[in-house]
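Data from target19.cif: mmCIF, C-alpha atoms
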data_structure
#
loop_
_atom_site.label_atom_id
_atom_site.label_comp_id
_atom_site.auth_asym_id
_atom_site.auth_seq_id
_atom_site.Cartn_x
_atom_site.Cartn_y
_atom_site.Cartn_z
CA MET T 874 -24.88 -32.53 -8.41
CA LYS T 875 -21.09 -32.93 -8.55
CA GLN T 876 -19.24 -29.86 -7.28
CA ARG T 877 -16.57 -28.35 -9.56
CA PRO T 878 -13.07 -27.66 -8.19
CA LEU T 879 -13.10 -24.27 -6.47
CA ILE T 880 -10.01 -23.17 -8.37
CA ILE T 881 -12.18 -22.98 -11.50
CA ALA T 882 -14.53 -20.55 -9.77
CA LEU T 883 -11.58 -18.52 -8.47
CA GLY T 884 -10.12 -18.29 -11.97
CA LEU T 885 -13.40 -17.13 -13.49
CA LEU T 886 -14.19 -14.63 -10.72
CA THR T 887 -10.66 -13.23 -10.78
CA ALA T 888 -10.61 -12.82 -14.56
CA ALA T 889 -14.00 -11.09 -14.51
CA ARG T 890 -12.91 -8.80 -11.70
CA LEU T 891 -9.72 -7.88 -13.55
CA VAL T 892 -11.82 -6.57 -16.43
CA ILE T 893 -14.27 -4.83 -14.07
CA ASN T 894 -11.42 -3.15 -12.20
CA THR T 895 -9.89 -2.09 -15.50
CA GLY T 896 -13.17 -0.39 -16.38
CA HIS T 897 -13.28 1.14 -12.90
CA ARG T 898 -9.70 2.42 -12.71
CA LEU T 899 -9.38 3.69 -16.29
CA VAL T 900 -11.28 6.81 -15.20
CA SER T 901 -8.45 8.28 -13.11
CA PRO T 902 -5.79 8.62 -15.82
CA PHE T 903 -8.23 9.22 -18.67
CA LEU T 904 -10.82 11.52 -17.06
CA PRO T 905 -9.69 14.56 -19.13
CA VAL T 906 -10.12 12.48 -22.31
CA ILE T 907 -13.66 11.51 -21.25
CA ALA T 908 -14.46 15.15 -20.43
CA ARG T 909 -13.30 16.33 -23.86
CA GLY T 910 -15.20 13.54 -25.59
CA LEU T 911 -18.42 14.56 -23.84
CA GLY T 912 -17.75 18.27 -24.32
CA VAL T 913 -17.98 19.04 -20.60
CA PRO T 914 -15.55 20.66 -18.13
CA LEU T 915 -13.38 18.46 -15.97
CA GLU T 916 -15.49 19.30 -12.91
CA SER T 917 -18.56 17.84 -14.59
CA ALA T 918 -16.62 14.72 -15.50
CA GLY T 919 -15.64 14.49 -11.83
CA VAL T 920 -19.34 14.25 -10.97
CA LEU T 921 -19.41 10.97 -12.91
CA VAL T 922 -16.83 9.54 -10.50
CA ALA T 923 -18.65 10.88 -7.45
CA ALA T 924 -21.96 9.41 -8.64
CA ARG T 925 -20.32 6.06 -9.28
CA SER T 926 -18.92 6.02 -5.73
CA ALA T 927 -22.25 7.07 -4.23
CA ALA T 928 -24.02 4.23 -6.06
CA ALA T 929 -22.00 1.70 -4.06
CA MET T 930 -23.83 2.88 -0.94
CA ALA T 931 -26.92 1.07 -2.21
CA THR T 932 -25.15 -2.31 -2.13
CA PRO T 933 -26.72 -3.50 1.17
CA ALA T 934 -30.21 -2.90 -0.20
CA ILE T 935 -29.47 -4.88 -3.37
CA VAL T 936 -27.78 -7.75 -1.52
CA THR T 937 -30.57 -7.91 1.07
CA ALA T 938 -33.25 -7.89 -1.62
CA GLY T 939 -31.34 -10.62 -3.45
CA ARG T 940 -31.35 -13.10 -0.57
CA ARG T 941 -33.86 -15.18 -2.53
CA TYR T 942 -30.98 -15.91 -4.95
CA ASP T 943 -27.87 -17.89 -4.10
CA ARG T 944 -24.34 -16.46 -4.31
CA ARG T 945 -24.04 -17.44 -7.95
CA GLY T 946 -27.25 -15.57 -8.68
CA MET T 947 -25.93 -12.40 -7.04
CA VAL T 948 -22.63 -12.71 -8.91
CA LEU T 949 -24.68 -12.84 -12.11
CA VAL T 950 -26.67 -9.78 -11.02
CA GLY T 951 -23.47 -7.82 -10.38
CA LEU T 952 -21.97 -8.79 -13.73
CA ALA T 953 -25.19 -7.95 -15.57
CA ILE T 954 -25.51 -4.50 -13.96
CA PHE T 955 -21.87 -3.63 -14.65
CA SER T 956 -21.97 -4.86 -18.25
CA PHE T 957 -25.17 -2.93 -18.93
CA GLY T 958 -23.77 0.24 -17.37
CA SER T 959 -20.53 -0.01 -19.33
CA GLY T 960 -22.49 -0.59 -22.51
CA ILE T 961 -24.61 2.50 -21.87
CA ALA T 962 -21.49 4.60 -21.27
CA ALA T 963 -20.05 3.31 -24.55
CA VAL T 964 -22.99 4.00 -26.86
CA VAL T 965 -25.14 6.90 -25.66
CA GLY T 966 -22.66 9.72 -26.31
CA VAL T 967 -24.39 12.29 -24.08
CA TYR T 968 -23.48 13.34 -20.53
CA ALA T 969 -26.76 12.35 -18.86
CA GLY T 970 -26.64 8.88 -20.36
CA VAL T 971 -23.01 8.36 -19.39
CA LEU T 972 -23.91 9.45 -15.85
CA VAL T 973 -26.51 6.67 -15.71
CA GLY T 974 -23.92 4.23 -17.03
CA PHE T 975 -21.42 5.23 -14.35
CA VAL T 976 -24.02 4.82 -11.60
CA LEU T 977 -24.81 1.32 -12.83
CA MET T 978 -21.12 0.44 -13.06
CA GLY T 979 -20.53 1.60 -9.50
CA LEU T 980 -23.43 -0.47 -8.21
CA GLY T 981 -22.59 -3.50 -10.35
CA LYS T 982 -18.97 -3.58 -9.26
CA ALA T 983 -19.90 -3.38 -5.57
CA VAL T 984 -22.52 -6.15 -5.86
CA PHE T 985 -20.11 -8.37 -7.80
CA ASP T 986 -17.22 -7.77 -5.37
CA VAL T 987 -19.33 -8.57 -2.30
CA SER T 988 -20.95 -11.62 -3.89
CA GLY T 989 -17.64 -12.95 -5.17
CA GLN T 990 -16.02 -12.57 -1.74
CA ALA T 991 -19.00 -14.27 -0.09
CA TYR T 992 -19.02 -17.11 -2.67
CA LEU T 993 -15.37 -17.92 -1.95
CA SER T 994 -15.72 -17.40 1.80
CA ASP T 995 -18.63 -19.85 1.97
CA ARG T 996 -16.43 -22.56 0.50
CA VAL T 997 -13.01 -21.93 2.06
CA PRO T 998 -12.17 -22.57 5.75
CA TYR T 999 -11.45 -19.42 7.73
CA GLU T 1000 -7.91 -20.60 8.51
CA SER T 1001 -6.87 -20.43 4.84
CA ARG T 1002 -9.36 -17.88 3.53
CA ALA T 1003 -6.95 -14.94 3.18
CA ARG T 1004 -4.97 -16.74 0.47
CA TRP T 1005 -8.07 -17.20 -1.69
CA LEU T 1006 -9.44 -13.70 -1.17
CA ALA T 1007 -5.98 -12.19 -1.75
CA ALA T 1008 -5.86 -13.86 -5.17
CA PHE T 1009 -9.28 -12.32 -5.93
CA GLU T 1010 -8.07 -8.92 -4.71
CA THR T 1011 -4.85 -8.79 -6.77
CA THR T 1012 -7.08 -7.63 -9.61
CA TRP T 1013 -7.28 -4.12 -8.09
CA ALA T 1014 -3.61 -3.54 -8.86
CA GLY T 1015 -3.89 -5.68 -11.99
CA GLY T 1016 -6.58 -3.40 -13.38
CA PHE T 1017 -4.04 -0.58 -13.22
CA LEU T 1018 -0.89 -2.42 -14.27
CA ILE T 1019 -2.37 -4.70 -16.93
CA GLY T 1020 -5.62 -3.04 -17.94
CA ALA T 1021 -4.52 0.61 -18.15
CA PRO T 1022 -1.96 0.10 -20.96
CA VAL T 1023 -4.50 -1.89 -22.98
CA VAL T 1024 -7.13 0.79 -22.40
CA GLY T 1025 -4.67 3.51 -23.44
CA TRP T 1026 -4.04 1.66 -26.68
CA LEU T 1027 -7.78 1.27 -27.36
CA ILE T 1028 -8.42 4.95 -26.64
CA SER T 1029 -5.60 6.02 -28.95
CA LEU T 1030 -7.14 3.89 -31.72
CA SER T 1031 -10.81 4.82 -31.51
CA GLY T 1032 -11.72 6.73 -28.36
CA TRP T 1033 -12.75 6.05 -24.77
CA GLU T 1034 -16.17 4.76 -25.82
CA THR T 1035 -14.52 1.77 -27.48
CA ALA T 1036 -12.72 0.89 -24.26
CA TYR T 1037 -16.02 0.78 -22.36
CA GLY T 1038 -17.63 -1.18 -25.17
CA VAL T 1039 -14.92 -3.85 -24.98
CA VAL T 1040 -15.28 -4.00 -21.19
CA ALA T 1041 -19.05 -4.43 -21.55
CA VAL T 1042 -18.65 -7.32 -23.99
CA ILE T 1043 -16.04 -9.16 -21.92
CA VAL T 1044 -18.01 -8.76 -18.68
CA GLY T 1045 -21.10 -9.99 -20.50
CA ALA T 1046 -19.15 -13.06 -21.62
CA SER T 1047 -18.04 -13.56 -18.01
CA LEU T 1048 -21.70 -13.65 -17.02
CA LEU T 1049 -22.27 -16.61 -19.34
CA GLY T 1050 -19.15 -18.29 -17.96
CA ALA T 1051 -20.36 -17.80 -14.38
CA LEU T 1052 -23.74 -19.29 -15.26
CA VAL T 1053 -22.00 -22.47 -16.44
CA LEU T 1054 -19.00 -22.76 -14.12
CA LEU T 1055 -20.15 -21.51 -10.70
CA ASP T 1056 -21.87 -23.98 -8.38
CA GLU T 1057 -25.13 -23.25 -6.66
CA ASP T 1058 -25.14 -22.82 -2.89
CA HIS T 1059 -25.80 -25.60 -0.44
CA ALA T 1060 -28.92 -25.09 1.65
CA GLU T 1061 -26.89 -24.26 4.77
CA MET T 1062 -25.25 -21.31 2.97
CA ALA T 1063 -28.50 -19.37 2.64
CA GLU T 1064 -28.80 -16.13 4.61
CA ARG T 1065 -31.92 -16.02 6.71
CA GLY T 1066 -33.29 -13.81 9.42
CA ARG T 1067 -32.43 -10.33 10.55
CA LEU T 1068 -28.83 -9.12 10.33
CA SER T 1069 -27.50 -8.86 13.88
CA LEU T 1070 -24.17 -7.13 14.52
CA ASP T 1071 -22.13 -7.64 17.68
CA ARG T 1072 -19.37 -5.41 19.04
CA SER T 1073 -16.71 -6.88 16.75
CA ALA T 1074 -18.81 -6.44 13.63
CA ILE T 1075 -19.67 -2.82 14.46
CA GLY T 1076 -16.08 -2.13 15.48
CA LEU T 1077 -14.66 -3.34 12.16
CA LEU T 1078 -17.08 -1.08 10.27
CA ALA T 1079 -15.71 1.86 12.28
CA VAL T 1080 -12.14 0.72 11.60
CA ALA T 1081 -12.85 0.51 7.86
CA THR T 1082 -14.38 3.98 7.81
CA LEU T 1083 -11.32 5.42 9.56
CA PHE T 1084 -8.58 3.75 7.55
CA SER T 1085 -10.32 4.44 4.24
CA ALA T 1086 -10.58 8.11 5.24
CA GLY T 1087 -6.86 8.07 6.00
CA GLY T 1088 -6.10 6.79 2.54
CA GLU T 1089 -8.28 9.39 0.83
CA PHE T 1090 -6.83 12.33 2.81
CA THR T 1091 -3.56 11.83 0.93
CA THR T 1092 -4.62 10.16 -2.31
CA VAL T 1093 -7.07 12.88 -3.29
CA VAL T 1094 -4.28 15.50 -3.41
CA LEU T 1095 -1.37 13.22 -4.35
CA GLY T 1096 -0.92 14.62 -7.85
CA ALA T 1097 -1.14 18.24 -6.70
CA TRP T 1098 1.35 17.57 -3.88
CA LEU T 1099 3.86 15.97 -6.26
CA GLU T 1100 3.58 18.89 -8.66
CA ASP T 1101 3.80 21.59 -6.01
CA SER T 1102 6.48 20.08 -3.78
CA PHE T 1103 8.74 18.33 -6.27
CA ALA T 1104 7.76 19.83 -9.65
CA ILE T 1105 7.03 16.33 -10.94
CA ALA T 1106 5.40 16.63 -14.34
CA LEU T 1107 2.55 14.54 -15.70
CA VAL T 1108 4.93 11.97 -17.21
CA GLY T 1109 6.63 11.52 -13.84
CA ILE T 1110 3.29 11.15 -12.09
CA ALA T 1111 2.31 8.48 -14.63
CA GLY T 1112 5.55 6.66 -13.86
CA LEU T 1113 4.83 6.87 -10.15
CA ALA T 1114 1.36 5.45 -10.81
CA SER T 1115 3.03 2.32 -12.18
CA LEU T 1116 5.19 2.05 -9.05
CA ILE T 1117 2.07 2.47 -6.93
CA GLY T 1118 0.47 -0.39 -8.84
CA VAL T 1119 3.48 -2.56 -8.05
CA ALA T 1120 3.26 -1.56 -4.36
CA GLU T 1121 -0.44 -2.45 -4.30
CA LEU T 1122 0.24 -5.79 -5.95
CA THR T 1123 2.97 -6.48 -3.39
CA GLY T 1124 0.53 -5.68 -0.59
CA ALA T 1125 -2.08 -8.07 -1.98
CA PHE T 1126 0.47 -10.86 -2.46
CA SER T 1127 1.76 -10.27 1.07
CA THR T 1128 -1.78 -10.82 2.34
CA GLY T 1129 -1.87 -14.20 0.67
CA LEU T 1130 1.51 -15.13 2.12
CA PHE T 1131 1.21 -13.87 5.70
CA THR T 1132 -2.32 -13.00 6.84
CA ASP T 1133 -3.53 -16.53 7.54
CA ARG T 1134 -0.34 -17.24 9.50
CA LEU T 1135 -0.40 -14.00 11.48
CA GLY T 1136 -4.13 -14.03 12.19
CA LYS T 1137 -6.49 -11.67 10.40
CA LYS T 1138 -6.90 -9.14 13.20
CA ARG T 1139 -3.16 -8.91 13.80
CA ALA T 1140 -2.54 -8.53 10.06
CA VAL T 1141 -5.01 -5.63 9.89
CA GLY T 1142 -3.21 -3.97 12.80
CA ILE T 1143 0.19 -4.43 11.14
CA GLY T 1144 -1.23 -2.99 7.92
CA ILE T 1145 -2.47 0.08 9.76
CA VAL T 1146 0.98 0.65 11.30
CA ILE T 1147 2.74 0.31 7.91
CA ASN T 1148 0.16 2.57 6.32
CA ALA T 1149 0.49 5.28 8.98
CA THR T 1150 4.29 5.09 8.76
CA GLY T 1151 4.10 5.82 5.05
CA TYR T 1152 1.85 8.84 5.65
CA ALA T 1153 4.25 10.14 8.31
CA ILE T 1154 7.23 9.83 5.94
CA MET T 1155 5.29 11.70 3.26
CA GLY T 1156 4.40 14.50 5.66
CA LEU T 1157 7.98 14.86 6.91
CA SER T 1158 9.67 14.51 3.52
CA GLY T 1159 10.14 18.25 3.01
CA ALA T 1160 11.91 18.85 -0.29
CA SER T 1161 13.22 15.29 -0.59
CA VAL T 1162 11.54 13.63 -3.54
CA LEU T 1163 13.11 10.31 -2.55
CA LEU T 1164 11.47 10.41 0.89
CA GLY T 1165 8.19 11.68 -0.50
CA VAL T 1166 7.86 9.01 -3.18
CA GLY T 1167 9.24 6.31 -0.87
CA GLY T 1168 6.69 7.24 1.79
CA ALA T 1169 3.88 7.08 -0.76
CA LEU T 1170 4.92 3.59 -1.85
CA VAL T 1171 5.08 2.41 1.77
CA ALA T 1172 1.63 3.91 2.39
CA PHE T 1173 0.07 2.24 -0.66
CA LEU T 1174 1.65 -1.12 0.13
CA GLY T 1175 0.44 -0.92 3.73
CA PHE T 1176 -3.05 0.16 2.69
CA GLU T 1177 -3.45 -2.74 0.27
CA PHE T 1178 -2.21 -5.24 2.86
CA LEU T 1179 -4.59 -3.68 5.37
CA ILE T 1180 -7.73 -3.59 3.28
CA VAL T 1181 -7.24 -7.03 1.71
CA SER T 1182 -6.59 -8.52 5.19
CA SER T 1183 -9.80 -6.92 6.44
CA PHE T 1184 -11.98 -8.88 3.99
CA PRO T 1185 -11.31 -12.40 5.35
CA LEU T 1186 -11.70 -11.02 8.89
CA ALA T 1187 -15.04 -9.45 7.96
CA SER T 1188 -16.17 -12.61 6.17
CA GLU T 1189 -16.34 -14.54 9.46
CA LEU T 1190 -17.69 -11.91 11.87
CA VAL T 1191 -21.32 -12.49 10.80
CA PRO T 1192 -21.24 -15.90 9.07
CA GLY T 1193 -25.05 -16.16 9.00
CA GLY T 1194 -25.28 -12.83 7.17
CA ARG T 1195 -21.96 -12.83 5.35
CA GLY T 1196 -23.05 -11.18 2.13
CA ARG T 1197 -25.06 -8.49 3.85
CA TYR T 1198 -22.26 -7.67 6.28
CA LEU T 1199 -19.67 -7.46 3.50
CA ALA T 1200 -22.05 -5.07 1.73
CA TRP T 1201 -22.07 -2.84 4.82
CA LEU T 1202 -18.28 -2.96 4.80
CA VAL T 1203 -18.43 -1.48 1.29
CA VAL T 1204 -20.61 1.32 2.67
CA ALA T 1205 -18.16 1.99 5.52
CA ILE T 1206 -15.22 2.20 3.12
CA SER T 1207 -17.17 4.44 0.72
CA LEU T 1208 -18.26 6.70 3.58
CA GLY T 1209 -14.69 7.20 4.78
CA ARG T 1210 -13.50 7.99 1.28
CA SER T 1211 -16.35 10.41 0.63
CA LEU T 1212 -15.81 12.38 3.85
CA ALA T 1213 -12.04 12.61 3.45
CA GLY T 1214 -12.40 13.33 -0.26
CA ALA T 1215 -14.40 16.44 0.60
CA VAL T 1216 -12.11 17.62 3.43
CA GLY T 1217 -8.73 16.67 1.95
CA PRO T 1218 -8.51 19.37 -0.77
CA VAL T 1219 -9.55 22.03 1.76
CA LEU T 1220 -6.74 21.00 4.12
CA PHE T 1221 -4.25 21.02 1.27
CA THR T 1222 -5.14 24.45 -0.09
CA SER T 1223 -5.55 26.16 3.29
CA ILE T 1224 -2.71 24.59 5.32
CA GLY T 1225 -0.61 22.35 3.12
CA PHE T 1226 0.09 18.67 2.57
CA GLY T 1227 1.49 18.27 6.07
CA ALA T 1228 -2.06 18.69 7.39
CA ASN T 1229 -3.32 15.95 5.07
CA ALA T 1230 -0.58 13.57 6.17
CA ALA T 1231 -1.18 14.39 9.85
CA ALA T 1232 -4.92 13.80 9.48
CA ALA T 1233 -4.21 10.45 7.81
CA VAL T 1234 -1.88 9.37 10.63
CA VAL T 1235 -4.38 10.44 13.30
CA VAL T 1236 -7.32 8.54 11.83
CA ASP T 1237 -5.12 5.48 11.30
CA LEU T 1238 -4.10 5.54 14.96
CA LEU T 1239 -7.77 5.87 15.91
CA ALA T 1240 -8.52 2.88 13.67
CA LEU T 1241 -5.80 0.87 15.43
CA MET T 1242 -7.23 1.76 18.84
CA VAL T 1243 -10.79 0.81 17.82
CA LEU T 1244 -9.48 -2.45 16.33
CA ARG T 1245 -7.70 -3.42 19.54
CA LEU T 1246 -10.57 -2.46 21.83
CA THR T 1247 -13.59 -3.78 19.96
CA VAL T 1248 -12.72 -6.42 17.37
CA SER T 1249 -12.07 -10.05 18.28
CA GLU T 1250 -10.56 -12.65 15.99
CA PRO T 1251 -13.36 -15.15 15.20
CA GLY T 1252 -13.08 -18.15 17.50
CA THR T 1253 -11.27 -16.24 20.26
CA ALA T 1254 -12.39 -14.44 23.38
CA ALA T 1255 -13.17 -10.73 23.22
CA THR T 1256 -10.19 -8.42 23.43
CA VAL T 1257 -10.56 -5.48 25.80
#
What would the structure in this file look like if it were written as structure tokens?
Amino acid sequence: MKQRPLIIALGLLTAARLVINTGHRLVSPFLPVIARGLGVPLESAGVLVAARSAAAMATPAIVTAGRRYDRRGMVLVGLAIFSFGSGIAAVVGVYAGVLVGFVLMGLGKAVFDVSGQAYLSDRVPYESRARWLAAFETTWAGGFLIGAPVVGWLISLSGWETAYGVVAVIVGASLLGALVLLDEDHAEMAERGRLSLDRSAIGLLAVATLFSAGGEFTTVVLGAWLEDSFAIALVGIAGLASLIGVAELTGAFSTGLFTDRLGKKRAVGIGIVINATGYAIMGLSGASVLLGVGGALVAFLGFEFLIVSSFPLASELVPGGRGRYLAWLVVAISLGRSLAGAVGPVLFTSIGFGANAAAAVVVDLLALMVLRLTVSEPGTAATV
């Protein structure tokens, strides 16, 4: 069978992921609206987000069970799960049903992300892979910058359920597009045998857990810190959210421009340093809103460059079990966020934001040390 140009697959996968990330990220700014619509307190609505994040932890089991399918098949599975979950959230109208929908969306997004990354990685040489995966990853910022205004308009017209209904329909249409436009795997792309992780593979999972925890230590209390330290109102925080989206987009584009040239491991290390520098500026900003906001933008830019650079590195550490290893990377990132998400508010209320920033810097420095001591760039000798 004649193979289609890979750019067609990239376009389809990226467009689908933009809509999925819109559905994923609309929760943060519109969670109070969802809570009021369901008639539940904000804390109960927060459980929806926590359950969605926890669902991603099941990704390795789904990807492992789906080894009988090719990458296209697993992309279809991810799209189907997410579309179904979004549809449930849109139509059931009761808290328990929406909770089920959020769990399915969390699982569907993770399966789609991993399968999409693996599909592209299978077909792009390692030397140029960061450019392709960076294009796929720009949709995280795009879901905020492009999708959020559209979602706000839909919600203002007819409620949050309509927004999820539209997302469900578009993702469902993407499933049909993927069925037609994505190529099946070659025989040599199949994942067989037991997943075996060497020192580099285990080390990168530890690095991902640490740097994701660093990000959550500050992000989880960002709004409260801005209100308490600088008296920035909700409108100002919304404006900062747009700037953060621009910083994230800049980080993803920078990955496409520089990571292949620098080397993936070196790029991850540079991202950690930029990220930690941003946290340090935030912690030392005192009463200066300019330093505080500037530090936050540096931190978000560095984090996006770091995490997007980590995906092409991870994609080649276990090439015979690429999809399964990328699924475990999702678990590592989710674990770091979950742990720091629980500890971060306690640090903030008991000590202050300086403790959050210090914790973020410390875990980033630990991540840099683990990276240098355990992870080797594929095709090079071990670094000790």
What do you get, as a ChimeraX atom specification, if you spell out every residue that the PyMOL selection byres ((chain T and resi 1128) around 12) selects here? /T:1001-1011,1121-1127,1129-1137,1139-1141,1143-1144,1174-1186
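Taking atom CA of Asp1058 of chain T and atom CA of Leu980 of chain T as endpoints, the distance between them is 23.0 Å.
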So what does the PyMOL selection byres ((chain T and resi 1189) around 10) actually pick up in this one, as a PDB file with C-alpha atoms, in the frame of the given file?
ATOM      1  CA  ALA T 991     -19.000 -14.270  -0.090  1.00  0.00           C
ATOM      2  CA  SER T 994     -15.720 -17.400   1.800  1.00  0.00           C
ATOM      3  CA  ASP T 995     -18.630 -19.850   1.970  1.00  0.00           C
ATOM      4  CA  PRO T 998     -12.170 -22.570   5.750  1.00  0.00           C
ATOM      5  CA  TYR T 999     -11.450 -19.420   7.730  1.00  0.00           C
ATOM      6  CA  ARG T1002      -9.360 -17.880   3.530  1.00  0.00           C
ATOM      7  CA  ALA T1074     -18.810  -6.440  13.630  1.00  0.00           C
ATOM      8  CA  PHE T1184     -11.980  -8.880   3.990  1.00  0.00           C
ATOM      9  CA  PRO T1185     -11.310 -12.400   5.350  1.00  0.00           C
ATOM     10  CA  LEU T1186     -11.700 -11.020   8.890  1.00  0.00           C
ATOM     11  CA  ALA T1187     -15.040  -9.450   7.960  1.00  0.00           C
ATOM     12  CA  SER T1188     -16.170 -12.610   6.170  1.00  0.00           C
ATOM     13  CA  LEU T1190     -17.690 -11.910  11.870  1.00  0.00           C
ATOM     14  CA  VAL T1191     -21.320 -12.490  10.800  1.00  0.00           C
ATOM     15  CA  PRO T1192     -21.240 -15.900   9.070  1.00  0.00           C
ATOM     16  CA  GLY T1193     -25.050 -16.160   9.000  1.00  0.00           C
ATOM     17  CA  GLY T1194     -25.280 -12.830   7.170  1.00  0.00           C
ATOM     18  CA  ARG T1195     -21.960 -12.830   5.350  1.00  0.00           C
ATOM     19  CA  TYR T1198     -22.260  -7.670   6.280  1.00  0.00           C
ATOM     20  CA  LEU T1199     -19.670  -7.460   3.500  1.00  0.00           C
ATOM     21  CA  GLU T1250     -10.560 -12.650  15.990  1.00  0.00           C
ATOM     22  CA  PRO T1251     -13.360 -15.150  15.200  1.00  0.00           C
ATOM     23  CA  GLY T1252     -13.080 -18.150  17.500  1.00  0.00           C
TER      24      GLY T1252
END
Around segment 1084-1091 of chain T, with edges along x, y and z and 3 Å added on all six sides, what centre and edge lengths do you get, in Å to one decimal, as AutoDock Vina command-line options?
--center_x -7.1 --center_y 8.0 --center_z 4.2 --size_x 13.0 --size_y 14.6 --size_z 12.7
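Here atom CA of Val1044 of chain T stands at a distance of 23.5 Å from atom CA of Gly910 of chain T.
Among the candidates T:Ala889, T:Val967, T:Val976, T:Val987, the residue lying nearest to Trp1201 of chain T is T:Val987 (atoms considered: only C-alpha atoms).
Close contacts of Arg890 of chain T, defined as residues with an atom at most 8 Å away when counting all atoms listed in the file, with chain neighbours fewer than 3 positions off set aside, comprise Leu886, Thr887, Ile893, Asn894, Asp986, Phe1009 and Thr1012 of chain T.
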For this structure, which residues satisfy the selection - the PyMOL selection byres ((chain T and resi 958) around 7) - when it is evaluated on the file as given? I want them as a PyMOL selection string. chain T and resi 954-957+959-962+974-975+977-978
Quick one: residues within 9 Å of segment 1145-1156 of chain T, all atoms listed in the file, excluding same-chain residues fewer than 6 positions away - as an NGL selection string? :T and (1084 or 1087-1088 or 1091 or 1164-1179 or 1226-1231 or 1233-1238 or 1240-1241)
Determine, counting all atoms listed in the file, which protein, DNA and RNA residues have an atom within 9 Å of an atom of segment 1023-1034 of chain T; residues of the same chain fewer than 2 positions away are not included. Present the result as a list in words. Thr895, Gly896, Leu899, Phe903, Val906, Ile907, Gly910, Gly960, Ala962, Ala963, Val964, Gly966, Ile1019, Gly1020, Ala1021, Ala1036, Tyr1037, Gly1038 and Val1039 of chain T
Writing out the chosen residues with C-alpha atoms as a PDB file, keeping the file's coordinate frame:
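As a result, part-v4.pdb now contains:
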ATOM      1  CA  THR T 895      -9.890  -2.090 -15.500  1.00  0.00           C
ATOM      2  CA  GLY T 896     -13.170  -0.390 -16.380  1.00  0.00           C
ATOM      3  CA  LEU T 899      -9.380   3.690 -16.290  1.00  0.00           C
ATOM      4  CA  PHE T 903      -8.230   9.220 -18.670  1.00  0.00           C
ATOM      5  CA  VAL T 906     -10.120  12.480 -22.310  1.00  0.00           C
ATOM      6  CA  ILE T 907     -13.660  11.510 -21.250  1.00  0.00           C
ATOM      7  CA  GLY T 910     -15.200  13.540 -25.590  1.00  0.00           C
ATOM      8  CA  GLY T 960     -22.490  -0.590 -22.510  1.00  0.00           C
ATOM      9  CA  ALA T 962     -21.490   4.600 -21.270  1.00  0.00           C
ATOM     10  CA  ALA T 963     -20.050   3.310 -24.550  1.00  0.00           C
ATOM     11  CA  VAL T 964     -22.990   4.000 -26.860  1.00  0.00           C
ATOM     12  CA  GLY T 966     -22.660   9.720 -26.310  1.00  0.00           C
ATOM     13  CA  ILE T1019      -2.370  -4.700 -16.930  1.00  0.00           C
ATOM     14  CA  GLY T1020      -5.620  -3.040 -17.940  1.00  0.00           C
ATOM     15  CA  ALA T1021      -4.520   0.610 -18.150  1.00  0.00           C
ATOM     16  CA  ALA T1036     -12.720   0.890 -24.260  1.00  0.00           C
ATOM     17  CA  TYR T1037     -16.020   0.780 -22.360  1.00  0.00           C
ATOM     18  CA  GLY T1038     -17.630  -1.180 -25.170  1.00  0.00           C
ATOM     19  CA  VAL T1039     -14.920  -3.850 -24.980  1.00  0.00           C
TER      20      VAL T1039
END
As a check of understanding: the span from atom CA of Gly1214 of chain T to atom CA of Leu1099 of chain T is 17.5 Å
Quick one: segment 1220-1228 of chain T with N, CA and C atoms, as a compact mmCIF listing (two decimals), in the coordinates of the input?
# COMPACT_ATOMS: atom_id res chain seq x y z
N LEU T 1220 -7.96 21.01 3.29
CA LEU T 1220 -6.74 21.00 4.12
C LEU T 1220 -5.51 21.36 3.29
N PHE T 1221 -5.43 20.81 2.11
CA PHE T 1221 -4.25 21.02 1.27
C PHE T 1221 -4.11 22.48 0.85
N THR T 1222 -5.22 23.08 0.41
CA THR T 1222 -5.14 24.45 -0.09
C THR T 1222 -5.02 25.48 1.03
N SER T 1223 -5.57 25.17 2.20
CA SER T 1223 -5.55 26.16 3.29
C SER T 1223 -4.34 26.02 4.21
N ILE T 1224 -3.82 24.81 4.38
CA ILE T 1224 -2.71 24.59 5.32
C ILE T 1224 -1.50 23.98 4.63
N GLY T 1225 -1.71 23.02 3.79
CA GLY T 1225 -0.61 22.35 3.12
C GLY T 1225 -0.67 20.85 3.31
N PHE T 1226 0.16 20.13 2.56
CA PHE T 1226 0.09 18.67 2.57
C PHE T 1226 0.40 18.09 3.94
N GLY T 1227 1.19 18.78 4.73
CA GLY T 1227 1.49 18.27 6.07
C GLY T 1227 0.23 18.02 6.87
N ALA T 1228 -0.79 18.88 6.68
CA ALA T 1228 -2.06 18.69 7.39
C ALA T 1228 -2.77 17.43 6.90
